[in-house]
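S.K.: Please see the structure below; I have some questions.
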Amino acid sequence: MSIKSSFLILTMLAFLVSIGFEFVNWSDEREDVNAMAERNADEMVQGFKQLLALKSDPFKKQTMDYAAWNDLAHFTETKELQWADDNLKGSTIQFGINGFYILDASKKVLFSEVDKSFLENISILFPLELLDSANSELLHFFAKTPQNIVEFYVAPIHRIDENVSADSLSKGFVIIAKHWDEPFLEELSRFGIAEVQLSAFKTGQNNYSIMHEIPFLGIQGEKVGTLYLHFHNKMNEVLDNYGTKDIQLSFLNTFLLMLVFALLITKFISFPLRDITNALEHKSKEPLRKYLLNENEYGAIATALCESFDTKNELEELNKNLEAKVHEEVENSRLKDRMLFQQAKLTALGEMLNNIAHQWRQPLNTISVVISKIYLDSKREKLTPQMLEDEICKLRELIQNMSSTIDDFKDFFKPDTEKVRFSLRKSMEECIKITDGGIANKNIAFQVDCPIEIEINGFKKELSHVLLVLINNAKDAIIQREIQNGTISLKAYEQEHYIIIEVSDNGGGVDEAHVASIFDPFFTTKEAMGGSGTGLYISKQIVEQSMQGSISAVNERGGLVVTLVLPKEEA
């Protein structure tokens, strides 16, 4: 991407960020105004509910007045239709209602007057059996019809000097019905509180409105419909108009600023970077000469590049010799590793000879005693052929055991040629047998905790070498600190993807300051005992490079715990 394209993108990003800040600020203000409009709408809803209550009061009062009219109570008993025609006709027009009904105690309609045909049969508007003749309270509820909502006021009929109760049932019921038709809804909307509808408003994308719902409850308290109130959010509309103009103005201002910014960048950044690029591409100092005397960043860059061009030949010469130096260092490193491995072999050989000497000493003493006995018995003429044969058998058995010891050590230190599958527990026991000659009289006990089914597929002698180094180090620590009842523990167990081997002792551990260094080459804590510092280093190389595992050490349980983690893929 070219410099000009980069700065163009930078300018556009800056422009978008500026507009984004404006938009975020406008959004925050819009949310605040929206919250104010919601609170105002809530107050308007309460006002509208008060308006509905005021419009309901005349109907409630008229219903209660009719219900306490003694003549009406008498009519429910006599059922004189002429009296009803003379006294009840015209009630719908007089009170501005849509239905007027008189029911007797059996809930039979004695008189009805409606101005709409669907109100003629009141029994299909709501269940009349739900009216309770023992209830003295006024019922106010709504019913859902195909012609929208009908509001009902129901009061029990009784004489003015009587109270309706379970012992004194009502004479019947007065029912007033009010149909919530379109003219009535328009009348409610003309109060200016809110626009009223019985169905949800269809709001457009730019329609600034707040919707509130008032539920209509039926005779049993169930929801039978919803009254939707629409409040025009004038504040948000004004804010949006203002915000649009403000963003447009900000867009223009930002564009002009970005234009000036782009010109400045072109002069003070694009042109210098172009000259620097040309200088680097052609390895020439000519494009940079006009910046050398400038006491700013470009002057420093020009000076540094010119100096780098002057030293180019030196770097090329250095690069030519670099490969030879790297090869020399690699060879030196390989030589050092070969020396370390050779030293480790010599150390292992010394341990082997020491252990052979320990395991041969007792058989040699026994052979010496047997030969002396044969010699003395021969001098005293007490040696019989049978005695001679018995003593020779003893000597042969001792020599055979000594030869077997040599074979054990020879096989143990023979190098591996290929991977084999072997039992980890048997390998541990072989290592203990090899080292047992060196610790037999040191009061050191071994503990092996390894399931016999754990097997490893790898170079057996390499793992044995590592275990032998760890056991010898543990033995030296116990002997050096003169630990009574010394213990060396070998433990192994399996996890999901790994085999864990722990070698621990009670020899006092290693100084915490040296724990992190014990696997370094030539580092040793046994200078007084002639330690070379190669055993643990070689062990680390074997575990990490040959076995693809890891080795670590920590002071725990009164000694040093060395942990080997080997992947099961090798098993």
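Ligands are numbered from 1 in the order shown, chains are lettered A, B, ... in the order of the structure tokens, and residues start at 1 in each chain.
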Could you name the residues that touch Leu188 in chain A at 10 Å or less, counting only C-alpha atoms, but leaving out those on the same chain fewer than 3 positions away, as a PyMOL selection string?

M.R.: chain A and resi 48+51-52+55+182-185+191-197

S.K.: Produce a file of the selected residues containing C-alpha atoms, as a tab-separated table (two decimals), in the first residue's frame.

M.R.:
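Printed below is out.tsv as written:
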```tsv
chain	number	residue	atom	x	y	z
A	48	PHE	CA	-56.30	9.58	30.81
A	51	LEU	CA	-60.66	11.01	32.47
A	52	LEU	CA	-62.14	7.54	31.96
A	55	LYS	CA	-66.76	9.58	32.23
A	182	GLU	CA	-65.36	4.72	16.52
A	183	PRO	CA	-67.26	7.94	17.40
A	184	PHE	CA	-66.71	7.26	21.09
A	185	LEU	CA	-62.99	6.62	20.50
A	191	PHE	CA	-59.53	15.57	24.70
A	192	GLY	CA	-55.95	15.94	23.46
A	193	ILE	CA	-54.35	13.59	25.95
A	194	ALA	CA	-53.63	10.76	23.52
A	195	GLU	CA	-54.83	9.20	20.30
A	196	VAL	CA	-57.03	6.22	21.21
A	197	GLN	CA	-57.55	2.96	19.32
```

S.K.: Just the residues within 10 Å of Ile371 in chain A, please, counting only C-alpha atoms, with nothing from its chain fewer than 6 positions along; format it as a compact mmCIF listing (two decimals) with all heavy atoms, in the first residue's frame.

M.R.:
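Okay, this is what ended up in selection.txt:
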```
# COMPACT_ATOMS: atom_id res chain seq x y z
N ASP A 377 44.12 -78.61 55.88
CA ASP A 377 43.72 -80.02 56.00
C ASP A 377 44.71 -80.93 55.27
O ASP A 377 44.98 -82.06 55.71
CB ASP A 377 42.33 -80.22 55.44
CG ASP A 377 41.27 -79.61 56.33
OD1 ASP A 377 41.55 -79.32 57.52
OD2 ASP A 377 40.11 -79.39 55.83
N GLU A 391 34.67 -78.92 48.84
CA GLU A 391 35.24 -77.58 48.85
C GLU A 391 35.38 -77.03 47.42
O GLU A 391 35.17 -75.84 47.15
CB GLU A 391 36.61 -77.58 49.53
CG GLU A 391 36.58 -77.96 51.00
CD GLU A 391 35.71 -77.05 51.82
OE1 GLU A 391 35.59 -75.85 51.43
OE2 GLU A 391 35.14 -77.49 52.83
N ILE A 392 35.71 -77.93 46.49
CA ILE A 392 35.82 -77.49 45.08
C ILE A 392 34.46 -77.04 44.55
O ILE A 392 34.34 -76.07 43.79
CB ILE A 392 36.42 -78.62 44.22
CG1 ILE A 392 37.90 -78.82 44.57
CG2 ILE A 392 36.28 -78.29 42.73
CD1 ILE A 392 38.55 -80.00 43.86
N LEU A 395 33.86 -73.63 45.70
CA LEU A 395 34.64 -72.65 44.92
C LEU A 395 33.99 -72.42 43.56
O LEU A 395 33.91 -71.28 43.08
CB LEU A 395 36.07 -73.16 44.74
CG LEU A 395 36.91 -73.19 46.01
CD1 LEU A 395 38.29 -73.82 45.72
CD2 LEU A 395 37.11 -71.78 46.56
```

S.K.: Provide the CA of Ser18 in chain A to CA of Leu259 in chain A distance in Å, to one decimal place.

M.R.: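 Between CA of Ser18 in chain A and CA of Leu259 in chain A the gap is 13.9 Å.
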
S.K.: Name the residues in contact with range 487-493 of chain A at a cut-off of 7 Å, using only C-alpha atoms, excluding same-chain residues fewer than 5 positions from it; report them as a PyMOL selection string.

M.R.: chain A and resi 444-450+474+499-506

S.K.: Just to be explicit: take each residue in the selection above, keep N, CA, C and O atoms, and write the result as a tab-separated table (two decimals), in the first residue's frame.

M.R.:
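New file part04.tsv:
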```tsv
chain	number	residue	atom	x	y	z
A	444	ILE	N	21.05	-48.09	53.94
A	444	ILE	CA	20.14	-47.38	53.04
A	444	ILE	C	19.12	-48.38	52.49
A	444	ILE	O	19.51	-49.44	51.99
A	445	ALA	N	17.85	-48.01	52.58
A	445	ALA	CA	16.77	-48.90	52.13
A	445	ALA	C	16.13	-48.34	50.87
A	445	ALA	O	16.04	-47.12	50.69
A	446	PHE	N	15.68	-49.28	50.02
A	446	PHE	CA	14.99	-48.90	48.79
A	446	PHE	C	13.49	-49.16	48.94
A	446	PHE	O	13.07	-50.13	49.57
A	447	GLN	N	12.67	-48.26	48.32
A	447	GLN	CA	11.22	-48.46	48.23
A	447	GLN	C	10.82	-48.28	46.77
A	447	GLN	O	11.11	-47.26	46.16
A	448	VAL	N	10.16	-49.29	46.21
A	448	VAL	CA	9.72	-49.24	44.81
A	448	VAL	C	8.20	-49.30	44.78
A	448	VAL	O	7.60	-50.23	45.31
A	449	ASP	N	7.59	-48.31	44.18
A	449	ASP	CA	6.12	-48.25	44.04
A	449	ASP	C	5.81	-48.02	42.56
A	449	ASP	O	5.73	-46.89	42.09
A	450	CYS	N	5.68	-49.13	41.84
A	450	CYS	CA	5.42	-49.05	40.39
A	450	CYS	C	4.59	-50.25	39.96
A	450	CYS	O	5.02	-51.39	40.15
A	474	ALA	N	21.31	-39.61	45.04
A	474	ALA	CA	20.59	-39.74	46.31
A	474	ALA	C	21.45	-40.46	47.34
A	474	ALA	O	21.51	-40.06	48.51
A	499	ILE	N	3.43	-40.72	31.57
A	499	ILE	CA	3.92	-41.60	32.62
A	499	ILE	C	4.82	-40.76	33.53
A	499	ILE	O	5.75	-40.12	33.04
A	500	ILE	N	4.52	-40.75	34.82
A	500	ILE	CA	5.26	-39.92	35.78
A	500	ILE	C	6.17	-40.83	36.60
A	500	ILE	O	5.73	-41.85	37.15
A	501	ILE	N	7.47	-40.49	36.69
A	501	ILE	CA	8.44	-41.22	37.49
A	501	ILE	C	9.03	-40.24	38.52
A	501	ILE	O	9.49	-39.16	38.15
A	502	GLU	N	8.99	-40.62	39.79
A	502	GLU	CA	9.54	-39.79	40.86
A	502	GLU	C	10.63	-40.56	41.60
A	502	GLU	O	10.41	-41.70	42.02
A	503	VAL	N	11.81	-39.95	41.73
A	503	VAL	CA	12.93	-40.52	42.51
A	503	VAL	C	13.20	-39.56	43.66
A	503	VAL	O	13.56	-38.40	43.43
A	504	SER	N	13.00	-40.02	44.88
A	504	SER	CA	13.14	-39.14	46.05
A	504	SER	C	14.00	-39.80	47.11
A	504	SER	O	14.23	-41.01	47.09
A	505	ASP	N	14.51	-38.99	48.03
A	505	ASP	CA	15.34	-39.50	49.12
A	505	ASP	C	15.11	-38.63	50.35
A	505	ASP	O	14.39	-37.63	50.31
A	506	ASN	N	15.70	-39.02	51.44
A	506	ASN	CA	15.64	-38.22	52.68
A	506	ASN	C	17.02	-37.68	53.04
A	506	ASN	O	17.39	-37.60	54.20
```

S.K.: Set the distance at 9 Å and use only C-alpha atoms: which residues neighbour Thr76 in chain A once local chain neighbours fewer than 2 positions away are removed? I'd like the list as a PyMOL selection string.

M.R.: chain A and resi 71-74+78-80+102-105+110+157+171-172

S.K.: If we count only C-alpha atoms, what is near Tyr228 in chain A at a cut-off of 7 Å, once residues fewer than 4 positions away on the same chain are taken out, given as a list in words?

M.R.: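 So, after excluding close chain neighbours, the residues are Val196, Gln197, Leu198, Ser199, Ala200, Met211, His212, Glu213 and Ile214 of chain A.
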
S.K.: Can you tell me, as a list in words, what residues are no more than 9 Å from Ile97 in chain A when counting only C-alpha atoms, ignoring any on the same chain fewer than 6 positions away?

M.R.: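 Contacts, with the query itself left out: Phe59, Ser91, Val114, Asp115, Ile176, Ala177, Lys178 and His179 of chain A.
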
S.K.: Any idea what the distance is between CA of Gly558 in chain A and CA of Ala516 in chain A?

M.R.: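 It comes out at 17.9 Å.
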
S.K.: Compile the contact shell of Ala143 in chain A as a ChimeraX atom specification: residues with an atom at most 6 Å away, counting only C-alpha atoms, same-chain residues fewer than 5 positions apart removed.

M.R.: /A:149-150,218

S.K.: Just to be explicit: take each residue in the selection above, keep N, CA, C and O atoms, and write the result as a tab-separated table (two decimals), in the first residue's frame.

M.R.:
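Wrote it out as part.tsv, contents follow:
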```
chain	number	residue	atom	x	y	z
A	149	ILE	N	-65.45	-3.39	21.69
A	149	ILE	CA	-65.62	-3.58	23.13
A	149	ILE	C	-66.94	-2.97	23.59
A	149	ILE	O	-67.35	-1.89	23.13
A	150	VAL	N	-67.61	-3.66	24.53
A	150	VAL	CA	-68.83	-3.13	25.18
A	150	VAL	C	-68.55	-3.04	26.68
A	150	VAL	O	-68.09	-4.01	27.29
A	218	GLY	N	-62.73	-8.61	31.91
A	218	GLY	CA	-64.08	-9.15	31.83
A	218	GLY	C	-64.69	-9.32	33.19
A	218	GLY	O	-64.14	-8.94	34.24
```
